[in-house]
Every structure is written in C-alpha cells, then in structure tokens.
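Participant: File name work.cif; file contents mmCIF, C-alpha atoms; full text below.
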```cif
data_model
#
loop_
_atom_site.group_PDB
_atom_site.id
_atom_site.type_symbol
_atom_site.label_atom_id
_atom_site.label_comp_id
_atom_site.auth_asym_id
_atom_site.auth_seq_id
_atom_site.Cartn_x
_atom_site.Cartn_y
_atom_site.Cartn_z
ATOM 1 C CA MET D 1 0.022 -9.403 1.168
ATOM 2 C CA LEU D 2 -3.554 -8.111 1.361
ATOM 3 C CA HIS D 3 -6.085 -9.068 -1.314
ATOM 4 C CA GLY D 4 -8.455 -6.627 -2.956
ATOM 5 C CA ARG D 5 -12.220 -6.309 -2.529
ATOM 6 C CA PHE D 6 -13.907 -9.580 -3.605
ATOM 7 C CA GLY D 7 -10.485 -11.218 -3.556
ATOM 8 C CA THR D 8 -9.177 -13.986 -1.305
ATOM 9 C CA ALA D 9 -5.851 -15.030 0.138
ATOM 10 C CA LYS D 10 -5.838 -18.073 -2.183
ATOM 11 C CA LEU D 11 -6.392 -15.949 -5.299
ATOM 12 C CA MET D 12 -3.669 -13.549 -4.135
ATOM 13 C CA MET D 13 -1.222 -16.407 -3.630
ATOM 14 C CA GLU D 14 -2.013 -18.026 -6.982
ATOM 15 C CA GLY D 15 -2.177 -14.837 -9.041
ATOM 16 C CA TYR D 16 0.917 -12.853 -8.043
ATOM 17 C CA ASN D 17 3.691 -15.458 -8.291
ATOM 18 C CA MET D 18 5.298 -14.115 -5.127
ATOM 19 C CA ASN D 19 5.980 -17.526 -3.599
ATOM 20 C CA ALA D 20 8.667 -18.250 -6.198
ATOM 21 C CA ILE D 21 10.326 -14.905 -5.432
ATOM 22 C CA ALA D 22 10.110 -15.603 -1.696
ATOM 23 C CA ASP D 23 11.771 -18.995 -2.179
ATOM 24 C CA ARG D 24 14.526 -17.418 -4.267
ATOM 25 C CA GLU D 25 15.151 -14.453 -1.948
ATOM 26 C CA GLY D 26 14.556 -16.186 1.391
ATOM 27 C CA PHE D 27 11.571 -14.420 2.925
ATOM 28 C CA ALA D 28 8.175 -15.552 4.195
ATOM 29 C CA ILE D 29 4.800 -14.359 2.928
ATOM 30 C CA VAL D 30 1.560 -14.264 4.885
ATOM 31 C CA TYR D 31 -1.730 -14.140 2.952
ATOM 32 C CA PRO D 32 -4.569 -13.304 5.369
ATOM 33 C CA ASP D 33 -8.265 -13.349 4.449
ATOM 34 C CA GLY D 34 -10.385 -10.284 5.138
ATOM 35 C CA TYR D 35 -13.945 -10.295 6.460
ATOM 36 C CA SER D 36 -16.458 -11.020 3.681
ATOM 37 C CA ARG D 37 -13.648 -10.636 1.111
ATOM 38 C CA SER D 38 -12.900 -7.098 2.279
ATOM 39 C CA TRP D 39 -10.794 -5.024 4.676
ATOM 40 C CA ALA D 40 -11.804 -2.277 7.112
ATOM 41 C CA ASP D 41 -9.494 0.217 5.443
ATOM 42 C CA GLY D 42 -11.173 3.251 7.057
ATOM 43 C CA ARG D 43 -13.045 4.553 4.023
ATOM 44 C CA GLY D 44 -16.341 3.309 5.480
ATOM 45 C CA GLY D 45 -17.929 1.430 2.579
ATOM 46 C CA THR D 46 -16.606 -2.143 2.736
ATOM 47 C CA PRO D 47 -18.407 -4.963 4.592
ATOM 48 C CA ALA D 48 -15.536 -5.049 7.088
ATOM 49 C CA ASP D 49 -15.872 -1.304 7.770
ATOM 50 C CA LYS D 50 -19.673 -1.483 8.010
ATOM 51 C CA ASN D 51 -19.436 -4.323 10.539
ATOM 52 C CA ASN D 52 -16.798 -2.510 12.629
ATOM 53 C CA ILE D 53 -14.180 -5.211 12.093
ATOM 54 C CA ASP D 54 -10.904 -4.218 13.761
ATOM 55 C CA ASP D 55 -8.578 -5.180 10.929
ATOM 56 C CA VAL D 56 -5.796 -2.978 12.306
ATOM 57 C CA LYS D 57 -5.722 -5.167 15.413
ATOM 58 C CA PHE D 58 -6.168 -8.325 13.332
ATOM 59 C CA ILE D 59 -3.153 -7.626 11.111
ATOM 60 C CA GLU D 60 -1.082 -6.599 14.134
ATOM 61 C CA SER D 61 -2.032 -9.902 15.799
ATOM 62 C CA VAL D 62 -1.092 -11.881 12.688
ATOM 63 C CA ILE D 63 2.348 -10.254 12.670
ATOM 64 C CA GLN D 64 2.831 -10.983 16.379
ATOM 65 C CA SER D 65 1.790 -14.609 15.921
ATOM 66 C CA VAL D 66 4.016 -15.271 12.928
ATOM 67 C CA THR D 67 7.096 -13.591 14.385
ATOM 68 C CA ALA D 68 6.618 -15.573 17.623
ATOM 69 C CA ARG D 69 6.280 -18.942 15.876
ATOM 70 C CA TYR D 70 8.818 -18.623 13.061
ATOM 71 C CA PRO D 71 12.354 -17.207 12.670
ATOM 72 C CA ILE D 72 11.114 -13.868 11.328
ATOM 73 C CA ASN D 73 13.044 -10.659 11.963
ATOM 74 C CA PRO D 74 10.457 -8.272 13.481
ATOM 75 C CA GLU D 75 12.544 -5.345 12.238
ATOM 76 C CA ARG D 76 12.052 -6.429 8.617
ATOM 77 C CA VAL D 77 8.302 -6.779 8.194
ATOM 78 C CA PHE D 78 6.858 -5.371 4.964
ATOM 79 C CA ILE D 79 3.245 -4.874 3.904
ATOM 80 C CA THR D 80 1.622 -4.631 0.489
ATOM 81 C CA GLY D 81 -1.871 -4.860 -0.923
ATOM 82 C CA HIS D 82 -4.014 -4.404 -4.005
ATOM 83 C CA SER D 83 -7.026 -2.050 -4.214
ATOM 84 C CA ASN D 84 -8.963 -2.486 -0.925
ATOM 85 C CA GLY D 85 -5.840 -4.242 0.379
ATOM 86 C CA GLY D 86 -3.761 -1.299 -0.837
ATOM 87 C CA PHE D 87 -5.950 1.145 1.088
ATOM 88 C CA MET D 88 -5.600 -1.118 4.133
ATOM 89 C CA THR D 89 -1.841 -1.041 3.599
ATOM 90 C CA GLN D 90 -1.912 2.754 3.799
ATOM 91 C CA ARG D 91 -4.002 2.606 6.969
ATOM 92 C CA MET D 92 -1.505 0.246 8.601
ATOM 93 C CA LEU D 93 1.517 2.307 7.517
ATOM 94 C CA ILE D 94 -0.036 5.473 8.923
ATOM 95 C CA GLU D 95 -1.628 4.101 12.112
ATOM 96 C CA LYS D 96 0.870 1.328 12.973
ATOM 97 C CA THR D 97 4.062 2.647 11.404
ATOM 98 C CA ASN D 98 6.325 1.025 13.995
ATOM 99 C CA LEU D 99 5.329 -2.468 12.862
ATOM 100 C CA PHE D 100 6.875 -2.128 9.419
ATOM 101 C CA LYS D 101 10.112 -1.618 7.546
ATOM 102 C CA ALA D 102 8.284 -0.428 4.406
ATOM 103 C CA GLY D 103 5.088 -0.837 2.420
ATOM 104 C CA ALA D 104 3.628 -0.592 -1.080
ATOM 105 C CA SER D 105 0.082 0.054 -2.291
ATOM 106 C CA VAL D 106 -1.089 -1.119 -5.712
ATOM 107 C CA THR D 107 -4.118 0.659 -7.204
ATOM 108 C CA ALA D 108 -4.778 2.511 -3.947
ATOM 109 C CA HIS D 109 -3.986 5.876 -2.390
ATOM 110 C CA ILE D 110 -4.489 7.572 0.990
ATOM 111 C CA SER D 111 -8.051 7.814 2.273
ATOM 112 C CA LYS D 112 -9.142 11.270 3.444
ATOM 113 C CA ASN D 113 -10.834 9.621 6.449
ATOM 114 C CA ILE D 114 -7.535 8.115 7.601
ATOM 115 C CA LEU D 115 -5.705 11.366 6.906
ATOM 116 C CA GLN D 116 -7.986 13.254 9.282
ATOM 117 C CA ASN D 117 -7.328 10.909 12.189
ATOM 118 C CA SER D 118 -3.672 9.838 12.112
ATOM 119 C CA ILE D 119 -0.142 10.619 11.028
ATOM 120 C CA PRO D 120 2.797 8.172 10.789
ATOM 121 C CA GLY D 121 4.819 7.599 13.933
ATOM 122 C CA LYS D 122 8.205 7.610 12.172
ATOM 123 C CA PRO D 123 9.785 7.927 8.698
ATOM 124 C CA ILE D 124 9.145 4.840 6.593
ATOM 125 C CA SER D 125 9.731 3.849 2.971
ATOM 126 C CA VAL D 126 6.553 3.790 0.878
ATOM 127 C CA ALA D 127 5.731 3.036 -2.768
ATOM 128 C CA PHE D 128 2.622 3.412 -4.906
ATOM 129 C CA ILE D 129 1.802 1.706 -8.210
ATOM 130 C CA SER D 130 -1.051 3.547 -9.933
ATOM 131 C CA GLY D 131 -2.531 3.662 -13.434
ATOM 132 C CA THR D 132 -3.598 6.936 -15.017
ATOM 133 C CA GLU D 133 -6.732 5.406 -16.593
ATOM 134 C CA ASP D 134 -7.839 3.292 -13.636
ATOM 135 C CA PRO D 135 -11.689 3.315 -13.801
ATOM 136 C CA LEU D 136 -12.187 2.292 -10.170
ATOM 137 C CA VAL D 137 -9.535 4.222 -8.235
ATOM 138 C CA PRO D 138 -9.109 7.595 -10.003
ATOM 139 C CA TYR D 139 -5.465 8.557 -10.462
ATOM 140 C CA GLU D 140 -6.298 12.176 -9.630
ATOM 141 C CA GLY D 141 -8.336 11.195 -6.574
ATOM 142 C CA GLY D 142 -12.009 11.569 -5.756
ATOM 143 C CA TYR D 143 -14.683 9.110 -4.748
ATOM 144 C CA VAL D 144 -14.207 5.353 -4.974
ATOM 145 C CA VAL D 145 -17.241 3.090 -5.416
ATOM 146 C CA ASP D 146 -16.891 1.226 -2.108
ATOM 147 C CA GLY D 147 -15.847 4.126 0.085
ATOM 148 C CA GLU D 148 -15.349 7.820 0.689
ATOM 149 C CA GLU D 149 -13.032 10.377 -0.906
ATOM 150 C CA VAL D 150 -9.382 9.551 -1.477
ATOM 151 C CA LEU D 151 -6.339 11.584 -2.424
ATOM 152 C CA GLY D 152 -4.831 11.196 -5.871
ATOM 153 C CA ALA D 153 -1.702 9.150 -6.423
ATOM 154 C CA GLU D 154 0.611 12.162 -6.648
ATOM 155 C CA ASP D 155 -1.040 13.893 -3.677
ATOM 156 C CA SER D 156 -0.554 10.716 -1.637
ATOM 157 C CA VAL D 157 3.116 10.623 -2.602
ATOM 158 C CA ARG D 158 3.545 14.296 -1.702
ATOM 159 C CA ARG D 159 2.078 13.605 1.721
ATOM 160 C CA TRP D 160 4.627 10.852 2.388
ATOM 161 C CA VAL D 161 7.439 13.022 1.013
ATOM 162 C CA GLU D 162 6.437 15.677 3.539
ATOM 163 C CA TRP D 163 6.064 13.243 6.450
ATOM 164 C CA ASN D 164 9.430 11.636 5.671
ATOM 165 C CA GLY D 165 11.221 14.959 5.199
ATOM 166 C CA CYS D 166 12.382 14.021 1.685
ATOM 167 C CA ASN D 167 13.714 16.288 -1.033
ATOM 168 C CA PRO D 168 10.500 17.367 -2.809
ATOM 169 C CA GLN D 169 12.283 17.343 -6.178
ATOM 170 C CA GLY D 170 12.051 13.732 -7.260
ATOM 171 C CA GLU D 171 14.096 11.980 -9.899
ATOM 172 C CA VAL D 172 12.144 10.625 -12.866
ATOM 173 C CA LYS D 173 12.974 7.538 -14.894
ATOM 174 C CA LYS D 174 10.915 6.802 -18.015
ATOM 175 C CA VAL D 175 10.404 3.272 -19.318
ATOM 176 C CA ASN D 176 8.952 2.285 -22.718
ATOM 177 C CA GLU D 177 8.212 5.632 -24.346
ATOM 178 C CA LYS D 178 6.981 4.110 -27.601
ATOM 179 C CA ARG D 179 3.935 5.978 -28.848
ATOM 180 C CA GLY D 180 0.599 4.233 -28.365
ATOM 181 C CA GLU D 181 1.827 1.761 -25.773
ATOM 182 C CA THR D 182 1.686 1.627 -22.008
ATOM 183 C CA GLU D 183 4.484 3.682 -20.496
ATOM 184 C CA LEU D 184 5.961 3.772 -17.024
ATOM 185 C CA GLU D 185 7.383 6.744 -15.140
ATOM 186 C CA ILE D 186 9.171 6.040 -11.861
ATOM 187 C CA TYR D 187 9.366 8.996 -9.486
ATOM 188 C CA SER D 188 11.920 8.544 -6.691
ATOM 189 C CA TYR D 189 12.299 10.859 -3.693
ATOM 190 C CA GLY D 190 15.445 10.635 -1.577
ATOM 191 C CA ASN D 191 17.401 12.561 1.065
ATOM 192 C CA CYS D 192 14.676 11.599 3.538
ATOM 193 C CA LYS D 193 14.948 11.237 7.294
ATOM 194 C CA GLU D 194 16.454 7.942 8.497
ATOM 195 C CA ASN D 195 17.477 7.001 4.929
ATOM 196 C CA VAL D 196 13.976 6.017 3.860
ATOM 197 C CA ASN D 197 12.605 6.770 0.397
ATOM 198 C CA VAL D 198 9.318 7.325 -1.410
ATOM 199 C CA ARG D 199 8.505 6.088 -4.891
ATOM 200 C CA LEU D 200 5.648 6.348 -7.376
ATOM 201 C CA TYR D 201 5.305 3.938 -10.288
ATOM 202 C CA LYS D 202 3.023 5.865 -12.658
ATOM 203 C CA VAL D 203 1.587 3.512 -15.255
ATOM 204 C CA ILE D 204 0.464 5.618 -18.224
#
```
Take the structure in the file and give it back as structure tokens.

Facilitator:
Amino acid sequence: MLHGRFGTAKLMMEGYNMNAIADREGFAIVYPDGYSRSWADGRGGTPADKNNIDDVKFIESVIQSVTARYPINPERVFITGHSNGGFMTQRMLIEKTNLFKAGASVTAHISKNILQNSIPGKPISVAFISGTEDPLVPYEGGYVVDGEEVLGAEDSVRRWVEWNGCNPQGEVKKVNEKRGETELEIYSYGNCKENVNVRLYKVI
C-alpha cells in the first residue's frame, strides 16, 4: 500500500483500516515510506522524481525481501496506492507487470510520461477509484499540480481494456441513485485474456 504525496506509511496504516481486513482474510500488508513523503511515479514533479530516486527498483526490492523472509506466495502479490501512490501503482503495473497479480489506483490515473515509455508485459487485473469532482486529479484528465499531464479515469480504463484484450462493452452497476447524494457507478470489463478483468469505480 503506497501513501499519497505528503503522506506516510504510518498515516496509511492508521487511516485505511486494512490491518483488520488482513487479519480476517489472512494476508500480509507492507507499508513502505517514499522519499520526502513522495514517490517517483514518472510524472516528473515530485521530490522523488526530481532527485532521480529509483522507486521502481525500491518497490521491487521490498517485494523480493518480504517474499524471501516470510511465507508469502510470490504469485499473489497485489499493489494499491492513493494519489501519488496511485500513480506509482500504475507505473509499477505497467513497467513491472510480472511482479503482480493485480493492482488498484485510488484518485490516480495513467501518466502520459509513463504511457510513452512502456506497455504492460502481460494481461493483469486493474481497478480505478476516481471521483468526478476531484479538484486535484481531474476525472477527465489534464495537468496535476505536482506533475505532468495524465489521462482521464475513463481513458485510463480504456487503455487497460485494450491491453488486456477485454470486451470493450462494460457492464454498469449503479449504487445509491438518490438525487443530491454521492452516487457510485461500477464499470466492469470481462472476457479478457487470461481471465483478468478491469474495473472503474466512478464516484459521482
């Protein structure tokens, strides 16, 4: 689990209540700390990017260390992150696809910088959770304060649907359609290569 810009591993662990779920479901969580409370997610604007920190190698090394020291199944490693950590999640899924079973980005999409340099090495399940009125990471894409241009949430999903060879016609489930309240639309794309899937949680 990768924290956002200005976040820390400790805040991530205390704020997301994932430890209780891990205890219940029987999986381990690793909360790494990024350089100067940031990750080198490839957009170019974070302290980690500006100082040429090799966070791709760092996260790969963390995975290797943990799977060597603990009874972790290396075929079932997942990655997720929020904001800057979500952009780093996308970088890892695209550049180091073989390390992961699946991944999810919260409040983050695909960076155009990363898109120009890499494509995933295999089909992999991916999810996005994005809000339509997010003031920092525009749902429709564009420029983010601490980095370069990014795709929109739906464009990012379409890219993964294409890479994974999924049926481009997704199924839509709507949750809480009461007028004036936050709504949720879940877009699911199946019939992908190697039985993976792609999902968008659109928070309206």

Participant: Mind giving me the straight-line distance from atom CA of Glu95 of chain D to atom CA of Val137 of chain D in Å, one decimal?

Facilitator: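 Atom CA of Glu95 of chain D sits 21.8 Å away from atom CA of Val137 of chain D.
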
Participant: Leaving out segment 38-47 of chain D and any residue of its chain fewer than 3 positions from it, which residues lie within 8 Å of it when counting only C-alpha atoms, given as a ChimeraX atom specification?

Facilitator: /D:3-7,34-35,50-56,84-85,87-89,91,111-114,146-149

Participant: Pick out the closest residue to Ile124 of chain D from this set: D:Leu93, D:Val106, D:Ile79, D:Ile63. Count only C-alpha atoms.

Facilitator: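 Checking each candidate against Ile124 of chain D, we get D:Leu93 as the closest.
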
Participant: Looking at D:Val145, D:Val126, D:Gly131, D:Met92, which one is nearest to Trp163 of chain D, with distances taken over only C-alpha atoms?

Facilitator: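 Closest to Trp163 of chain D, using only C-alpha atoms: D:Val126.
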
Participant: I need the residue set behind the PyMOL selection byres ((chain D and resi 9-17) around 12) for this file; please write it as number ranges by chain.

Facilitator: D: 1-8, 18-24, 29-38, 80-83, 85

Participant: Just the number, please: distance in Å from atom CA of Asn73 of chain D to atom CA of Tyr201 of chain D, one decimal.

Facilitator: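 It comes out at 27.7 Å.
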
Participant: From the list D:Arg69, D:Lys96, D:Arg76, D:Arg199, which residue is nearest Val172 of chain D when using all atoms listed in the file?

Facilitator: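 When distances to Val172 of chain D are compared using all atoms listed in the file, the smallest one comes from D:Arg199.
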
Participant: Which is closer to Thr107 of chain D than all the others in D:Phe58, D:Ile94, D:Glu133, D:Ile119, using only C-alpha atoms?

Facilitator: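 Answer, going by the shortest atom-to-atom distance: D:Glu133.
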
Participant: Assuming the chain letters and numbering stay as they are in my file, what does the PyMOL selection byres ((chain D and resi 194) around 9) actually select? List them as a PyMOL selection string.

Facilitator: chain D and resi 123-124+164+191-193+195-196

Participant: Separation of atom CA of Thr67 of chain D and atom CA of Gly121 of chain D, in Å?

Facilitator: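 Going from atom CA of Thr67 of chain D over to atom CA of Gly121 of chain D covers 21.3 Å.
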
Participant: Step by step, work through what the PyMOL selection byres ((chain D and resi 183) around 10) selects in the shown file, and finish by giving those residues as a VMD selection string.

Facilitator: chain D and resid 131 174 to 182 184 to 185 202 to 204

Participant: Determine the nearest neighbour of Phe128 of chain D from the options D:Glu140, D:Glu171, D:Glu154, D:Glu25, counting only C-alpha atoms.

Facilitator: D:Glu154

Participant: Ranking D:Asn98, D:Ser188, D:Ser61, D:Gln116 by minimum distance to Val157 of chain D and counting all atoms listed in the file, which one comes first?

Facilitator: D:Ser188

Participant: Got a sec: who's within 6 Å of Phe78 of chain D, counting all atoms listed in the file, leaving out chain neighbours fewer than 3 positions off, as an NGL selection string?

Facilitator: :D and (100-103)
